[in-house]
Amino acid sequence: MVYESHAQAMKEGDMSQETVYFQKGDVTITSTRATLGAKTYAIADVKSASLGVIPVNRAPGIILATIGGLISTASTVIVVVALILYGSDPSLSCCIGPAIIATLMSIFGIVRAVRAKPKYAVRVGSVTGESDALVSEDEPWAREIVQAMNRAIIERG
C-alpha cells in the first residue's frame, strides 16, 4: 500500500513500537513502513527491494561536441583556404569568431559526456508490480536504503 504522506501513514498505525533501520533526510525505513520522499509503503505489502542502475545518457554531450567540431573544422578550413588564395585579409576575421565559439561548444559537449553519471533507483516490488520509488546519483545512499528495506522485509517474516 502506498500512502500519500507520512502523516497519513502514522494515522494507520502506532509507530511507537517500530524498529528504525534507516533514517536520513526524507527517507525513513522502519519495521512497518518505508517512507521515501513523498511516498510511504507498508513493509507488509513490499515483496522485494533492489538497486537498479539507470544508464548514463551521453548522447546530448556527444551531439554537442560533434556539431561544435564540424562547425569549428569548417570555419578553420574556410580561413586556411582564404589565406592561401587571398593572403592576409582583414575580412577573414569573420570566420574566426564562429570557429572559437564552435570549439568551446565542442569542449563543453565533451566535458558533459565525460562527466555524466549513472543514476541509481531504489526499486520496490509489490503484488502490483515493481516501481522506482527513489532515484539518486548517490549509489552508497541508495544501497543503504535497499539494505534497510531488505532487513525490514526479512525480519517481518
# chains A, B, ... in the order shown; residues from 1 in each chain; ligands from 1
>>> residues_around(residues="Arg151 of chain A", least_positions_apart="5", cutoff="12 Å", atoms="only C-alpha atoms", output="ChimeraX atom specification")
/A:19-22,29-32,34,43,46,48-50,144-146,156-157
>>> write_last_selection(atoms="C-alpha atoms", output="mmCIF file, in the first residue's frame")
data_model
loop_
_atom_site.group_PDB
_atom_site.id
_atom_site.type_symbol
_atom_site.label_atom_id
_atom_site.label_comp_id
_atom_site.auth_asym_id
_atom_site.auth_seq_id
_atom_site.Cartn_x
_atom_site.Cartn_y
_atom_site.Cartn_z
ATOM 1 C CA THR A 19 12.288 -0.582 14.742
ATOM 2 C CA VAL A 20 14.052 2.093 12.696
ATOM 3 C CA TYR A 21 16.515 0.590 10.198
ATOM 4 C CA PHE A 22 17.433 3.771 8.337
ATOM 5 C CA ILE A 29 12.764 2.743 6.861
ATOM 6 C CA THR A 30 11.131 1.073 9.850
ATOM 7 C CA SER A 31 9.837 -2.395 10.610
ATOM 8 C CA THR A 32 6.368 -1.440 9.329
ATOM 9 C CA ALA A 34 9.208 2.755 4.241
ATOM 10 C CA ILE A 43 6.511 -3.079 4.595
ATOM 11 C CA VAL A 46 6.594 -4.871 -0.095
ATOM 12 C CA SER A 48 11.259 -7.017 -2.660
ATOM 13 C CA ALA A 49 13.663 -4.092 -2.685
ATOM 14 C CA SER A 50 16.521 -3.871 -5.138
ATOM 15 C CA GLU A 144 21.866 1.688 2.245
ATOM 16 C CA ILE A 145 18.146 2.260 1.696
ATOM 17 C CA VAL A 146 17.778 -1.034 -0.208
ATOM 18 C CA ARG A 156 8.916 -9.169 9.098
ATOM 19 C CA GLY A 157 8.907 -12.875 8.431
#
>>> residues_around(residues="Val56 of chain A", least_positions_apart="2", cutoff="8 Å", atoms="only C-alpha atoms", output="list of chain:residue names")
A:Ile54, A:Arg58, A:Ala116, A:Lys117, A:Pro118, A:Lys119
>>> write_last_selection(atoms="all heavy atoms", output="short mmCIF file (atom, residue, chain, number, x, y, z; two decimals), in the first residue's frame")
data_model
loop_
_atom_site.label_atom_id
_atom_site.label_comp_id
_atom_site.auth_asym_id
_atom_site.auth_seq_id
_atom_site.Cartn_x
_atom_site.Cartn_y
_atom_site.Cartn_z
N ILE A 54 20.21 3.18 -13.67
CA ILE A 54 19.68 3.86 -14.85
C ILE A 54 20.90 4.33 -15.64
O ILE A 54 21.68 5.15 -15.15
CB ILE A 54 18.77 5.03 -14.47
CG1 ILE A 54 17.59 4.51 -13.65
CG2 ILE A 54 18.31 5.78 -15.70
CD1 ILE A 54 16.75 5.59 -13.00
N ARG A 58 24.78 9.79 -22.62
CA ARG A 58 25.87 10.65 -23.10
C ARG A 58 25.54 11.30 -24.44
O ARG A 58 26.32 12.12 -24.93
CB ARG A 58 27.15 9.84 -23.22
CG ARG A 58 27.63 9.26 -21.91
CD ARG A 58 29.00 8.62 -22.06
NE ARG A 58 29.35 7.74 -20.96
CZ ARG A 58 29.75 8.13 -19.77
NH1 ARG A 58 29.85 9.40 -19.50
NH2 ARG A 58 30.05 7.25 -18.85
N ALA A 116 28.96 12.82 -17.19
CA ALA A 116 27.63 12.27 -16.95
C ALA A 116 27.73 11.06 -16.02
O ALA A 116 28.63 10.24 -16.16
CB ALA A 116 26.98 11.87 -18.27
N LYS A 117 26.83 11.00 -15.06
CA LYS A 117 26.86 9.92 -14.06
C LYS A 117 25.59 9.07 -14.17
O LYS A 117 24.52 9.59 -14.46
CB LYS A 117 26.91 10.51 -12.65
CG LYS A 117 28.14 11.29 -12.35
CD LYS A 117 28.07 11.85 -10.95
CE LYS A 117 29.28 12.69 -10.63
NZ LYS A 117 29.19 13.28 -9.31
N PRO A 118 25.73 7.79 -13.89
CA PRO A 118 24.52 6.96 -13.86
C PRO A 118 23.67 7.33 -12.64
O PRO A 118 24.16 7.90 -11.67
CB PRO A 118 25.06 5.54 -13.74
CG PRO A 118 26.40 5.70 -13.11
CD PRO A 118 26.92 7.04 -13.57
N LYS A 119 22.41 6.99 -12.72
CA LYS A 119 21.51 7.20 -11.58
C LYS A 119 21.15 5.84 -11.02
O LYS A 119 21.13 4.83 -11.72
CB LYS A 119 20.27 7.97 -12.03
CG LYS A 119 20.60 9.39 -12.42
CD LYS A 119 19.36 10.19 -12.70
CE LYS A 119 19.73 11.63 -12.78
NZ LYS A 119 19.67 12.29 -13.95
#
>>> select_by_dssp(residues="segment 65-124 of chain A", states="strand (DSSP E or B)", output="VMD selection string")
chain A and resid 119 to 124
>>> write_last_selection(atoms="N, CA, C and O atoms", output="PDB file, in the first residue's frame")
ATOM      1  N   LYS A 119      22.409   6.989 -12.715  1.00  0.00           N
ATOM      2  CA  LYS A 119      21.506   7.201 -11.584  1.00  0.00           C
ATOM      3  C   LYS A 119      21.148   5.837 -11.016  1.00  0.00           C
ATOM      4  O   LYS A 119      21.129   4.830 -11.723  1.00  0.00           O
ATOM      5  N   TYR A 120      20.861   5.829  -9.722  1.00  0.00           N
ATOM      6  CA  TYR A 120      20.549   4.587  -9.024  1.00  0.00           C
ATOM      7  C   TYR A 120      19.126   4.670  -8.485  1.00  0.00           C
ATOM      8  O   TYR A 120      18.757   5.657  -7.865  1.00  0.00           O
ATOM      9  N   ALA A 121      18.356   3.630  -8.754  1.00  0.00           N
ATOM     10  CA  ALA A 121      16.953   3.604  -8.352  1.00  0.00           C
ATOM     11  C   ALA A 121      16.728   2.578  -7.261  1.00  0.00           C
ATOM     12  O   ALA A 121      17.229   1.456  -7.336  1.00  0.00           O
ATOM     13  N   VAL A 122      15.977   2.995  -6.243  1.00  0.00           N
ATOM     14  CA  VAL A 122      15.501   2.059  -5.228  1.00  0.00           C
ATOM     15  C   VAL A 122      14.214   1.485  -5.801  1.00  0.00           C
ATOM     16  O   VAL A 122      13.213   2.191  -5.922  1.00  0.00           O
ATOM     17  N   ARG A 123      14.271   0.218  -6.200  1.00  0.00           N
ATOM     18  CA  ARG A 123      13.121  -0.431  -6.829  1.00  0.00           C
ATOM     19  C   ARG A 123      12.371  -1.239  -5.784  1.00  0.00           C
ATOM     20  O   ARG A 123      12.940  -2.085  -5.107  1.00  0.00           O
ATOM     21  N   VAL A 124      11.087  -0.937  -5.685  1.00  0.00           N
ATOM     22  CA  VAL A 124      10.228  -1.598  -4.709  1.00  0.00           C
ATOM     23  C   VAL A 124       9.250  -2.489  -5.461  1.00  0.00           C
ATOM     24  O   VAL A 124       8.520  -2.023  -6.336  1.00  0.00           O
TER      25      VAL A 124
END
>>> closest_residue(among="A:Val81, A:Asn150, A:Asp45, A:Arg33", to="Gly129 of chain A", atoms="only C-alpha atoms")
A:Asp45
>>> residues_around(residues="Val27 of chain A", least_positions_apart="2", cutoff="10 Å", atoms="only C-alpha atoms", output="VMD selection string")
chain A and resid 22 to 25 29 34 to 40 134 145
>>> write_last_selection(atoms="N, CA, C and O atoms", output="PDB file, in the first residue's frame")
ATOM      1  N   PHE A  22      16.720   2.713   9.064  1.00  0.00           N
ATOM      2  CA  PHE A  22      17.433   3.771   8.337  1.00  0.00           C
ATOM      3  C   PHE A  22      16.627   5.055   8.457  1.00  0.00           C
ATOM      4  O   PHE A  22      15.410   5.040   8.295  1.00  0.00           O
ATOM      5  N   GLN A  23      17.326   6.148   8.728  1.00  0.00           N
ATOM      6  CA  GLN A  23      16.649   7.446   8.764  1.00  0.00           C
ATOM      7  C   GLN A  23      17.664   8.519   8.378  1.00  0.00           C
ATOM      8  O   GLN A  23      18.659   8.717   9.070  1.00  0.00           O
ATOM      9  N   LYS A  24      17.408   9.145   7.256  1.00  0.00           N
ATOM     10  CA  LYS A  24      18.290  10.205   6.771  1.00  0.00           C
ATOM     11  C   LYS A  24      17.508  11.074   5.802  1.00  0.00           C
ATOM     12  O   LYS A  24      16.948  10.575   4.824  1.00  0.00           O
ATOM     13  N   GLY A  25      17.443  12.365   6.107  1.00  0.00           N
ATOM     14  CA  GLY A  25      16.686  13.279   5.250  1.00  0.00           C
ATOM     15  C   GLY A  25      15.216  12.906   5.246  1.00  0.00           C
ATOM     16  O   GLY A  25      14.618  12.668   6.288  1.00  0.00           O
ATOM     17  N   ILE A  29      13.145   4.149   7.022  1.00  0.00           N
ATOM     18  CA  ILE A  29      12.764   2.743   6.861  1.00  0.00           C
ATOM     19  C   ILE A  29      12.595   2.174   8.263  1.00  0.00           C
ATOM     20  O   ILE A  29      13.526   2.193   9.072  1.00  0.00           O
ATOM     21  N   ALA A  34       8.072   2.196   4.964  1.00  0.00           N
ATOM     22  CA  ALA A  34       9.208   2.755   4.241  1.00  0.00           C
ATOM     23  C   ALA A  34       8.741   4.084   3.653  1.00  0.00           C
ATOM     24  O   ALA A  34       7.886   4.107   2.773  1.00  0.00           O
ATOM     25  N   THR A  35       9.269   5.174   4.181  1.00  0.00           N
ATOM     26  CA  THR A  35       8.927   6.495   3.672  1.00  0.00           C
ATOM     27  C   THR A  35      10.080   6.971   2.802  1.00  0.00           C
ATOM     28  O   THR A  35      11.188   7.181   3.282  1.00  0.00           O
ATOM     29  N   LEU A  36       9.803   7.109   1.515  1.00  0.00           N
ATOM     30  CA  LEU A  36      10.803   7.537   0.537  1.00  0.00           C
ATOM     31  C   LEU A  36      10.314   8.832  -0.096  1.00  0.00           C
ATOM     32  O   LEU A  36       9.518   8.807  -1.031  1.00  0.00           O
ATOM     33  N   GLY A  37      10.762   9.945   0.450  1.00  0.00           N
ATOM     34  CA  GLY A  37      10.288  11.229  -0.042  1.00  0.00           C
ATOM     35  C   GLY A  37       8.826  11.403   0.302  1.00  0.00           C
ATOM     36  O   GLY A  37       8.432  11.297   1.459  1.00  0.00           O
ATOM     37  N   ALA A  38       8.004  11.613  -0.717  1.00  0.00           N
ATOM     38  CA  ALA A  38       6.579  11.855  -0.505  1.00  0.00           C
ATOM     39  C   ALA A  38       5.749  10.576  -0.466  1.00  0.00           C
ATOM     40  O   ALA A  38       4.556  10.619  -0.213  1.00  0.00           O
ATOM     41  N   LYS A  39       6.383   9.428  -0.721  1.00  0.00           N
ATOM     42  CA  LYS A  39       5.646   8.165  -0.750  1.00  0.00           C
ATOM     43  C   LYS A  39       5.968   7.323   0.479  1.00  0.00           C
ATOM     44  O   LYS A  39       7.107   7.250   0.909  1.00  0.00           O
ATOM     45  N   THR A  40       4.943   6.678   1.004  1.00  0.00           N
ATOM     46  CA  THR A  40       5.126   5.760   2.126  1.00  0.00           C
ATOM     47  C   THR A  40       4.556   4.403   1.738  1.00  0.00           C
ATOM     48  O   THR A  40       3.428   4.302   1.262  1.00  0.00           O
ATOM     49  N   LEU A 134      12.598   5.726  -5.588  1.00  0.00           N
ATOM     50  CA  LEU A 134      13.525   6.821  -5.328  1.00  0.00           C
ATOM     51  C   LEU A 134      14.670   6.708  -6.324  1.00  0.00           C
ATOM     52  O   LEU A 134      15.158   5.611  -6.579  1.00  0.00           O
ATOM     53  N   ILE A 145      19.611   2.300   1.620  1.00  0.00           N
ATOM     54  CA  ILE A 145      18.146   2.260   1.696  1.00  0.00           C
ATOM     55  C   ILE A 145      17.645   0.868   1.323  1.00  0.00           C
ATOM     56  O   ILE A 145      16.792   0.292   2.015  1.00  0.00           O
TER      57      ILE A 145
END
>>> atom_distance(atom1="atom CA of Glu130 of chain A", atom2="atom CA of Lys47 of chain A")
9.4 Å
>>> atom_distance(atom1="atom CA of Ile78 of chain A", atom2="atom CA of Thr103 of chain A")
15.0 Å
>>> atom_distance(atom1="atom CA of Ser75 of chain A", atom2="atom CA of Val111 of chain A")
22.0 Å
